[in-house]
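Q: So I've got this file, structure.pdb, and it contains PDB, C-alpha atoms:
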```
ATOM      1  CA  SER A 734       0.000   0.000   0.000  1.00  0.00           C
ATOM      2  CA  ASP A 735       2.940   2.381   0.556  1.00  0.00           C
ATOM      3  CA  GLU A 736       4.041   1.889  -3.073  1.00  0.00           C
ATOM      4  CA  ILE A 737       0.836   3.321  -4.565  1.00  0.00           C
ATOM      5  CA  THR A 738      -0.460   6.871  -4.482  1.00  0.00           C
ATOM      6  CA  HIS A 739      -3.220   8.696  -6.342  1.00  0.00           C
ATOM      7  CA  VAL A 740      -3.022  11.448  -8.913  1.00  0.00           C
ATOM      8  CA  ALA A 741      -6.348  12.892 -10.046  1.00  0.00           C
ATOM      9  CA  ARG A 742      -7.962   9.918  -8.284  1.00  0.00           C
ATOM     10  CA  LEU A 743      -5.999   7.457 -10.416  1.00  0.00           C
ATOM     11  CA  PRO A 744      -3.730   4.934  -8.699  1.00  0.00           C
ATOM     12  CA  VAL A 745      -0.074   5.337  -9.688  1.00  0.00           C
ATOM     13  CA  THR A 746       3.177   4.078  -8.271  1.00  0.00           C
ATOM     14  CA  THR A 747       5.026   6.380  -5.896  1.00  0.00           C
ATOM     15  CA  PRO A 748       8.168   8.065  -7.234  1.00  0.00           C
ATOM     16  CA  ALA A 749      10.309   5.655  -5.178  1.00  0.00           C
ATOM     17  CA  ARG A 750       8.525   2.594  -6.603  1.00  0.00           C
ATOM     18  CA  THR A 751       8.758   4.015 -10.120  1.00  0.00           C
ATOM     19  CA  ALA A 752      12.499   4.582  -9.622  1.00  0.00           C
ATOM     20  CA  TYR A 753      12.848   1.048  -8.254  1.00  0.00           C
ATOM     21  CA  ASP A 754      11.221  -0.417 -11.375  1.00  0.00           C
ATOM     22  CA  LEU A 755      13.103   1.782 -13.854  1.00  0.00           C
ATOM     23  CA  GLY A 756      16.470   1.106 -12.246  1.00  0.00           C
ATOM     24  CA  ARG A 757      15.966  -2.666 -12.281  1.00  0.00           C
ATOM     25  CA  ARG A 758      14.583  -3.050 -15.776  1.00  0.00           C
ATOM     26  CA  LEU A 759      16.593  -0.729 -17.999  1.00  0.00           C
ATOM     27  CA  PRO A 760      20.237  -0.782 -19.080  1.00  0.00           C
ATOM     28  CA  ARG A 761      22.437   1.514 -16.963  1.00  0.00           C
ATOM     29  CA  GLY A 762      22.526   4.558 -19.275  1.00  0.00           C
ATOM     30  CA  ALA A 763      18.809   4.468 -20.039  1.00  0.00           C
ATOM     31  CA  ALA A 764      17.985   3.834 -16.383  1.00  0.00           C
ATOM     32  CA  VAL A 765      20.076   6.777 -15.177  1.00  0.00           C
ATOM     33  CA  ALA A 766      18.596   9.080 -17.835  1.00  0.00           C
ATOM     34  CA  ARG A 767      15.063   8.196 -16.793  1.00  0.00           C
ATOM     35  CA  LEU A 768      15.877   8.344 -13.098  1.00  0.00           C
ATOM     36  CA  ASP A 769      17.444  11.783 -13.634  1.00  0.00           C
ATOM     37  CA  ALA A 770      14.255  12.935 -15.367  1.00  0.00           C
ATOM     38  CA  LEU A 771      12.087  11.477 -12.602  1.00  0.00           C
ATOM     39  CA  MET A 772      14.240  13.139  -9.925  1.00  0.00           C
ATOM     40  CA  ARG A 773      13.995  16.470 -11.751  1.00  0.00           C
ATOM     41  CA  ALA A 774      10.200  16.223 -12.149  1.00  0.00           C
ATOM     42  CA  THR A 775       9.269  14.504  -8.895  1.00  0.00           C
ATOM     43  CA  PRO A 776      12.125  14.322  -6.400  1.00  0.00           C
ATOM     44  CA  PHE A 777      12.445  10.994  -4.645  1.00  0.00           C
ATOM     45  CA  SER A 778      14.663   9.628  -1.929  1.00  0.00           C
ATOM     46  CA  VAL A 779      17.345   7.168  -3.010  1.00  0.00           C
ATOM     47  CA  GLU A 780      17.070   5.721   0.502  1.00  0.00           C
ATOM     48  CA  ASP A 781      13.374   4.984  -0.084  1.00  0.00           C
ATOM     49  CA  VAL A 782      14.295   3.118  -3.267  1.00  0.00           C
ATOM     50  CA  LEU A 783      16.903   1.102  -1.351  1.00  0.00           C
ATOM     51  CA  VAL A 784      14.249   0.220   1.243  1.00  0.00           C
ATOM     52  CA  LEU A 785      12.212  -1.317  -1.571  1.00  0.00           C
ATOM     53  CA  ALA A 786      15.283  -3.230  -2.742  1.00  0.00           C
ATOM     54  CA  LYS A 787      15.619  -4.690   0.767  1.00  0.00           C
ATOM     55  CA  ARG A 788      11.897  -5.498   0.827  1.00  0.00           C
ATOM     56  CA  TYR A 789      12.260  -7.605  -2.334  1.00  0.00           C
ATOM     57  CA  PRO A 790      15.725  -9.209  -1.983  1.00  0.00           C
ATOM     58  CA  GLY A 791      15.173 -11.777  -4.744  1.00  0.00           C
ATOM     59  CA  ALA A 792      13.831  -9.365  -7.351  1.00  0.00           C
ATOM     60  CA  ARG A 793      15.429  -9.322 -10.782  1.00  0.00           C
ATOM     61  CA  GLY A 794      17.736  -6.439 -11.640  1.00  0.00           C
ATOM     62  CA  LEU A 795      18.766  -5.357  -8.133  1.00  0.00           C
ATOM     63  CA  ARG A 796      22.430  -5.226  -9.119  1.00  0.00           C
ATOM     64  CA  ARG A 797      21.505  -2.997 -12.041  1.00  0.00           C
ATOM     65  CA  LEU A 798      19.449  -0.768  -9.725  1.00  0.00           C
ATOM     66  CA  ARG A 799      22.271  -0.476  -7.185  1.00  0.00           C
ATOM     67  CA  ALA A 800      24.696   0.484  -9.969  1.00  0.00           C
ATOM     68  CA  ALA A 801      22.376   3.204 -11.302  1.00  0.00           C
ATOM     69  CA  LEU A 802      21.205   4.869  -8.081  1.00  0.00           C
ATOM     70  CA  PRO A 803      24.512   6.519  -7.083  1.00  0.00           C
ATOM     71  CA  LEU A 804      24.637   8.179 -10.506  1.00  0.00           C
ATOM     72  CA  VAL A 805      21.223   9.856 -10.303  1.00  0.00           C
ATOM     73  CA  ASP A 806      21.356  13.635 -10.653  1.00  0.00           C
ATOM     74  CA  GLY A 807      18.157  15.628 -10.914  1.00  0.00           C
ATOM     75  CA  GLY A 808      20.133  18.475 -12.438  1.00  0.00           C
ATOM     76  CA  ALA A 809      20.314  16.741 -15.797  1.00  0.00           C
ATOM     77  CA  ALA A 810      17.887  18.568 -18.066  1.00  0.00           C
ATOM     78  CA  SER A 811      17.873  15.983 -20.874  1.00  0.00           C
ATOM     79  CA  PRO A 812      18.855  12.395 -21.638  1.00  0.00           C
ATOM     80  CA  LYS A 813      21.797  13.732 -23.663  1.00  0.00           C
ATOM     81  CA  GLU A 814      23.060  15.667 -20.635  1.00  0.00           C
ATOM     82  CA  THR A 815      22.891  12.414 -18.663  1.00  0.00           C
ATOM     83  CA  TRP A 816      24.773  10.642 -21.444  1.00  0.00           C
ATOM     84  CA  LEU A 817      27.471  13.332 -21.407  1.00  0.00           C
ATOM     85  CA  ARG A 818      27.819  13.251 -17.628  1.00  0.00           C
ATOM     86  CA  LEU A 819      28.126   9.446 -17.588  1.00  0.00           C
ATOM     87  CA  LEU A 820      30.649   9.549 -20.446  1.00  0.00           C
ATOM     88  CA  LEU A 821      32.879  11.888 -18.430  1.00  0.00           C
ATOM     89  CA  ILE A 822      32.517   9.924 -15.194  1.00  0.00           C
ATOM     90  CA  ASP A 823      33.190   6.613 -16.962  1.00  0.00           C
ATOM     91  CA  ALA A 824      36.338   8.162 -18.471  1.00  0.00           C
ATOM     92  CA  GLY A 825      37.673   8.665 -14.945  1.00  0.00           C
ATOM     93  CA  LEU A 826      37.032  12.397 -14.679  1.00  0.00           C
ATOM     94  CA  PRO A 827      35.563  13.794 -11.462  1.00  0.00           C
ATOM     95  CA  ALA A 828      31.774  13.953 -11.422  1.00  0.00           C
ATOM     96  CA  PRO A 829      30.693  17.359 -12.690  1.00  0.00           C
ATOM     97  CA  THR A 830      28.220  19.583 -10.879  1.00  0.00           C
ATOM     98  CA  THR A 831      25.035  20.092 -12.870  1.00  0.00           C
ATOM     99  CA  GLN A 832      23.115  23.295 -13.569  1.00  0.00           C
ATOM    100  CA  ILE A 833      25.771  25.768 -12.424  1.00  0.00           C
ATOM    101  CA  PRO A 834      24.476  29.341 -12.193  1.00  0.00           C
ATOM    102  CA  VAL A 835      27.077  31.934 -13.227  1.00  0.00           C
ATOM    103  CA  TYR A 836      26.625  35.511 -12.043  1.00  0.00           C
ATOM    104  CA  ASP A 837      28.372  38.752 -12.859  1.00  0.00           C
ATOM    105  CA  ASP A 838      27.849  40.494  -9.545  1.00  0.00           C
ATOM    106  CA  TRP A 839      24.092  40.065  -9.108  1.00  0.00           C
ATOM    107  CA  LEU A 840      23.225  39.504 -12.803  1.00  0.00           C
ATOM    108  CA  LEU A 841      22.672  35.915 -13.912  1.00  0.00           C
ATOM    109  CA  ILE A 842      24.740  35.350 -17.056  1.00  0.00           C
ATOM    110  CA  GLY A 843      23.623  31.773 -17.568  1.00  0.00           C
ATOM    111  CA  ILE A 844      23.204  28.315 -16.157  1.00  0.00           C
ATOM    112  CA  LEU A 845      25.788  25.825 -17.363  1.00  0.00           C
ATOM    113  CA  ASP A 846      24.700  22.227 -18.069  1.00  0.00           C
ATOM    114  CA  MET A 847      27.570  20.797 -16.041  1.00  0.00           C
ATOM    115  CA  GLY A 848      31.080  21.595 -15.015  1.00  0.00           C
ATOM    116  CA  TRP A 849      33.756  22.063 -12.428  1.00  0.00           C
ATOM    117  CA  GLU A 850      33.543  25.476 -10.767  1.00  0.00           C
ATOM    118  CA  LYS A 851      36.976  25.086  -9.175  1.00  0.00           C
ATOM    119  CA  TYR A 852      38.548  24.932 -12.641  1.00  0.00           C
ATOM    120  CA  LYS A 853      36.004  27.131 -14.454  1.00  0.00           C
ATOM    121  CA  VAL A 854      35.467  24.401 -17.044  1.00  0.00           C
ATOM    122  CA  ALA A 855      31.999  23.481 -18.288  1.00  0.00           C
ATOM    123  CA  ALA A 856      30.575  20.972 -20.738  1.00  0.00           C
ATOM    124  CA  GLU A 857      27.352  21.776 -22.528  1.00  0.00           C
ATOM    125  CA  TYR A 858      25.308  19.541 -24.792  1.00  0.00           C
ATOM    126  CA  ASP A 859      23.911  21.519 -27.723  1.00  0.00           C
ATOM    127  CA  GLY A 860      20.791  19.906 -29.120  1.00  0.00           C
ATOM    128  CA  ASP A 861      19.009  20.839 -32.329  1.00  0.00           C
ATOM    129  CA  GLN A 862      17.233  23.808 -30.709  1.00  0.00           C
ATOM    130  CA  HIS A 863      20.617  25.528 -30.456  1.00  0.00           C
ATOM    131  CA  ARG A 864      21.060  25.236 -34.213  1.00  0.00           C
ATOM    132  CA  ALA A 865      17.553  25.503 -35.618  1.00  0.00           C
ATOM    133  CA  ASN A 866      16.280  28.509 -33.658  1.00  0.00           C
ATOM    134  CA  ARG A 867      18.119  31.680 -34.712  1.00  0.00           C
ATOM    135  CA  ARG A 868      17.048  33.613 -31.600  1.00  0.00           C
ATOM    136  CA  GLN A 869      18.385  30.802 -29.362  1.00  0.00           C
ATOM    137  CA  TYR A 870      21.608  30.659 -31.395  1.00  0.00           C
ATOM    138  CA  VAL A 871      22.223  34.411 -31.023  1.00  0.00           C
ATOM    139  CA  LYS A 872      21.466  34.239 -27.283  1.00  0.00           C
ATOM    140  CA  ASP A 873      23.843  31.275 -26.891  1.00  0.00           C
ATOM    141  CA  GLN A 874      26.654  33.045 -28.744  1.00  0.00           C
ATOM    142  CA  ARG A 875      26.355  36.161 -26.582  1.00  0.00           C
ATOM    143  CA  ARG A 876      26.211  34.095 -23.394  1.00  0.00           C
ATOM    144  CA  LEU A 877      29.253  32.087 -24.518  1.00  0.00           C
ATOM    145  CA  ARG A 878      31.281  35.264 -25.102  1.00  0.00           C
ATOM    146  CA  GLU A 879      30.329  36.603 -21.656  1.00  0.00           C
ATOM    147  CA  LEU A 880      31.249  33.335 -19.936  1.00  0.00           C
ATOM    148  CA  GLU A 881      34.590  33.178 -21.733  1.00  0.00           C
ATOM    149  CA  ALA A 882      35.294  36.785 -20.750  1.00  0.00           C
ATOM    150  CA  MET A 883      34.683  35.711 -17.141  1.00  0.00           C
ATOM    151  CA  GLY A 884      37.363  33.025 -17.516  1.00  0.00           C
ATOM    152  CA  TRP A 885      35.229  29.958 -18.240  1.00  0.00           C
ATOM    153  CA  ILE A 886      36.253  27.311 -20.769  1.00  0.00           C
ATOM    154  CA  ILE A 887      33.080  25.955 -22.347  1.00  0.00           C
ATOM    155  CA  ILE A 888      33.275  22.614 -24.133  1.00  0.00           C
ATOM    156  CA  ARG A 889      30.312  22.429 -26.482  1.00  0.00           C
ATOM    157  CA  VAL A 890      29.190  18.951 -27.452  1.00  0.00           C
ATOM    158  CA  ILE A 891      26.965  17.990 -30.373  1.00  0.00           C
ATOM    159  CA  ALA A 892      25.543  14.633 -31.429  1.00  0.00           C
ATOM    160  CA  GLU A 893      28.167  14.186 -34.161  1.00  0.00           C
ATOM    161  CA  ASP A 894      31.126  14.436 -31.739  1.00  0.00           C
ATOM    162  CA  SER A 895      32.918  11.191 -30.990  1.00  0.00           C
ATOM    163  CA  PRO A 896      32.931  10.198 -27.319  1.00  0.00           C
ATOM    164  CA  ALA A 897      36.741   9.940 -27.334  1.00  0.00           C
ATOM    165  CA  ASP A 898      37.055  13.483 -28.704  1.00  0.00           C
ATOM    166  CA  VAL A 899      34.635  14.856 -26.104  1.00  0.00           C
ATOM    167  CA  VAL A 900      36.576  13.227 -23.263  1.00  0.00           C
ATOM    168  CA  ARG A 901      39.887  14.459 -24.669  1.00  0.00           C
ATOM    169  CA  ARG A 902      38.657  18.056 -24.995  1.00  0.00           C
ATOM    170  CA  VAL A 903      37.223  18.092 -21.474  1.00  0.00           C
ATOM    171  CA  ARG A 904      40.283  16.417 -19.951  1.00  0.00           C
ATOM    172  CA  ASP A 905      42.636  18.823 -21.762  1.00  0.00           C
ATOM    173  CA  ALA A 906      40.648  21.842 -20.538  1.00  0.00           C
ATOM    174  CA  LEU A 907      40.663  20.578 -16.959  1.00  0.00           C
ATOM    175  CA  ILE A 908      44.398  19.896 -17.081  1.00  0.00           C
ATOM    176  CA  ARG A 909      45.054  23.400 -18.478  1.00  0.00           C
ATOM    177  CA  ARG A 910      43.229  24.693 -15.391  1.00  0.00           C
ATOM    178  CA  GLY A 911      45.224  22.660 -12.878  1.00  0.00           C
ATOM    179  CA  TYR A 912      43.413  19.328 -12.651  1.00  0.00           C
ATOM    180  CA  ARG A 913      45.778  16.441 -12.165  1.00  0.00           C
ATOM    181  CA  ASP A 914      44.682  13.287 -13.972  1.00  0.00           C
ATOM    182  CA  THR A 915      45.348  10.232 -11.837  1.00  0.00           C
TER     183      THR A 915
END
```
Here is a file; write its structure as structure tokens.
A:
Amino acid sequence: SDEITHVARLPVTTPARTAYDLGRRLPRGAAVARLDALMRATPFSVEDVLVLAKRYPGARGLRRLRAALPLVDGGAASPKETWLRLLLIDAGLPAPTTQIPVYDDWLLIGILDMGWEKYKVAAEYDGDQHRANRRQYVKDQRRLRELEAMGWIIIRVIAEDSPADVVRRVRDALIRRGYRDT
């Protein structure tokens, strides 16, 4: 009974139960992307999901669930941002912070998809809206110039980039800023 709630008088699984099912049934990348989206839309407690895992110790996919849960980040604004974050983590880079607000005094310049504030390095996934919408493109270009003037290195990633190239560009930028690859 504690795994069901009601929305508009319809029975639905609780966010924790939904996370439990998604994390067990999907491959790691897809599971993390969906769990990120769920966390962003309807925050849930990872501990509550682990309670369900203890409740059903013989359930299929528990190893998969336990591998995905530590990677959940509600700051990911799209599945491609999740993909990028996991790519960087899997390459051995430190986990980036998501949705970093950057201010010039009190004025918000922009919110970076992910990055490392200590090094002023960010990685941003540019989807089709950044290319197809002229107004968005102009806004992005101005924001990029302001961020660079403030000392940020912005690594822009598009679908056609190879994963190895993305990792190399991010790693090189971090190293230029003092990160020591171990």
Q: May I have a table of the residues of range 812-843 of chain A lying at most 10 Å from range 867-882 of chain A, giving each one's closest pair of atoms and their distance in Å to one decimal, counting all atoms listed in the file, ordered by chain and ascending residue number, as a tab-separated table?
A:
```
residue	atom	partner	partner_atom	distance
A:Val835	CA	A:Leu880	CA	8.0
A:Tyr836	CA	A:Leu880	CA	9.4
A:Asp837	CA	A:Glu879	CA	9.3
A:Ile842	CA	A:Arg876	CA	6.6
A:Gly843	CA	A:Arg876	CA	6.8
```
Q: Would you work out the distance separating CA of Trp816 in chain A from CA of Leu841 in chain A, expressed in Å to one decimal?
A: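 Interatomic distance here is 26.5 Å.
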Q: Care to translate the PyMOL selection byres ((chain A and resi 892) around 10) into actual residues of this file, as a list in words?
A: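 Checked against the file, the PyMOL selection byres ((chain A and resi 892) around 10) matches Lys813, Tyr858, Asp859, Gly860, Asp861, Val890, Ile891, Glu893, Asp894, Ser895 and Pro896 of chain A.
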Q: Of the candidates A:Arg767, A:Val903, A:Gly762, A:Val784, which one gets nearest to Leu819 in chain A if we count only C-alpha atoms?
A: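 Smallest separation from Leu819 in chain A among the options: A:Gly762.
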Q: Nearest to Thr775 in chain A among A:Leu802, A:Ala810, A:Ala749, A:Leu743, with distances taken over all atoms listed in the file: which residue is it?
A: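 For Thr775 in chain A, the nearest of the given residues is A:Ala749.
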Q: Would you kindly translate the PyMOL selection byres ((chain A and resi 817) around 10) into the concrete residues it picks from this file, as a list of chain:residue names?
A: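 Answer for the PyMOL selection byres ((chain A and resi 817) around 10): A:Ala809, A:Ser811, A:Pro812, A:Lys813, A:Glu814, A:Thr815, A:Trp816, A:Arg818, A:Leu819, A:Leu820, A:Leu821, A:Ile822, A:Asp823, A:Asp846, A:Met847, A:Ala856, A:Glu857, A:Tyr858, A:Val890, A:Pro896, A:Val899, A:Val900.
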Q: Expanded to explicit residues, what is the PyMOL selection byres ((chain A and resi 759) around 12) for this file, as a count of residues only?
A: 24
Q: What's around Thr746 in chain A at 10 Å? Count all atoms listed in the file, leave out sequence neighbours fewer than 6 positions away in its own chain, and write the answer as a ChimeraX atom specification.
A: /A:734-740,752,754
Q: Could you write out that same residue set with C-alpha atoms as a compact mmCIF listing (two decimals), in the frame of the given file?
A:
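result_29.txt, freshly written:
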```txt
# COMPACT_ATOMS: atom_id res chain seq x y z
CA SER A 734 0.00 0.00 0.00
CA ASP A 735 2.94 2.38 0.56
CA GLU A 736 4.04 1.89 -3.07
CA ILE A 737 0.84 3.32 -4.57
CA THR A 738 -0.46 6.87 -4.48
CA HIS A 739 -3.22 8.70 -6.34
CA VAL A 740 -3.02 11.45 -8.91
CA ALA A 752 12.50 4.58 -9.62
CA ASP A 754 11.22 -0.42 -11.38
```
Q: May I ask for the distance between CA of Pro834 in chain A and CA of Thr915 in chain A, given in Å to one decimal place?
A: 28.3 Å
Q: What's the separation between CA of Lys787 in chain A and CA of Ala774 in chain A, in Å to one decimal place?
A: 25.2 Å
Q: Determine, counting all atoms listed in the file, which protein, DNA and RNA residues have an atom within 9 Å of an atom of Trp849 in chain A; residues of the same chain fewer than 3 positions away are not included. Present the result as a CSV table (one decimal) with C-alpha atoms, keeping the file's coordinate frame.
A:
```csv
chain,number,residue,atom,x,y,z
A,827,PRO,CA,35.6,13.8,-11.5
A,828,ALA,CA,31.8,14.0,-11.4
A,829,PRO,CA,30.7,17.4,-12.7
A,830,THR,CA,28.2,19.6,-10.9
A,831,THR,CA,25.0,20.1,-12.9
A,833,ILE,CA,25.8,25.8,-12.4
A,852,TYR,CA,38.5,24.9,-12.6
A,853,LYS,CA,36.0,27.1,-14.5
A,854,VAL,CA,35.5,24.4,-17.0
A,855,ALA,CA,32.0,23.5,-18.3
A,856,ALA,CA,30.6,21.0,-20.7
A,907,LEU,CA,40.7,20.6,-17.0
```
Q: Could you tell me which of A:Glu780, A:Gly808, A:Ala865, A:Arg913 comes closest to Ile844 in chain A if we count all atoms listed in the file?
A: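 Among the listed residues, A:Gly808 lies closest to Ile844 in chain A.
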Q: Have a look at A:Val782, A:Leu845, A:Leu826, A:Val745 and name the one nearest to Asp914 in chain A; count all atoms listed in the file.
A: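 For Asp914 in chain A, the nearest of the candidates is A:Leu826.
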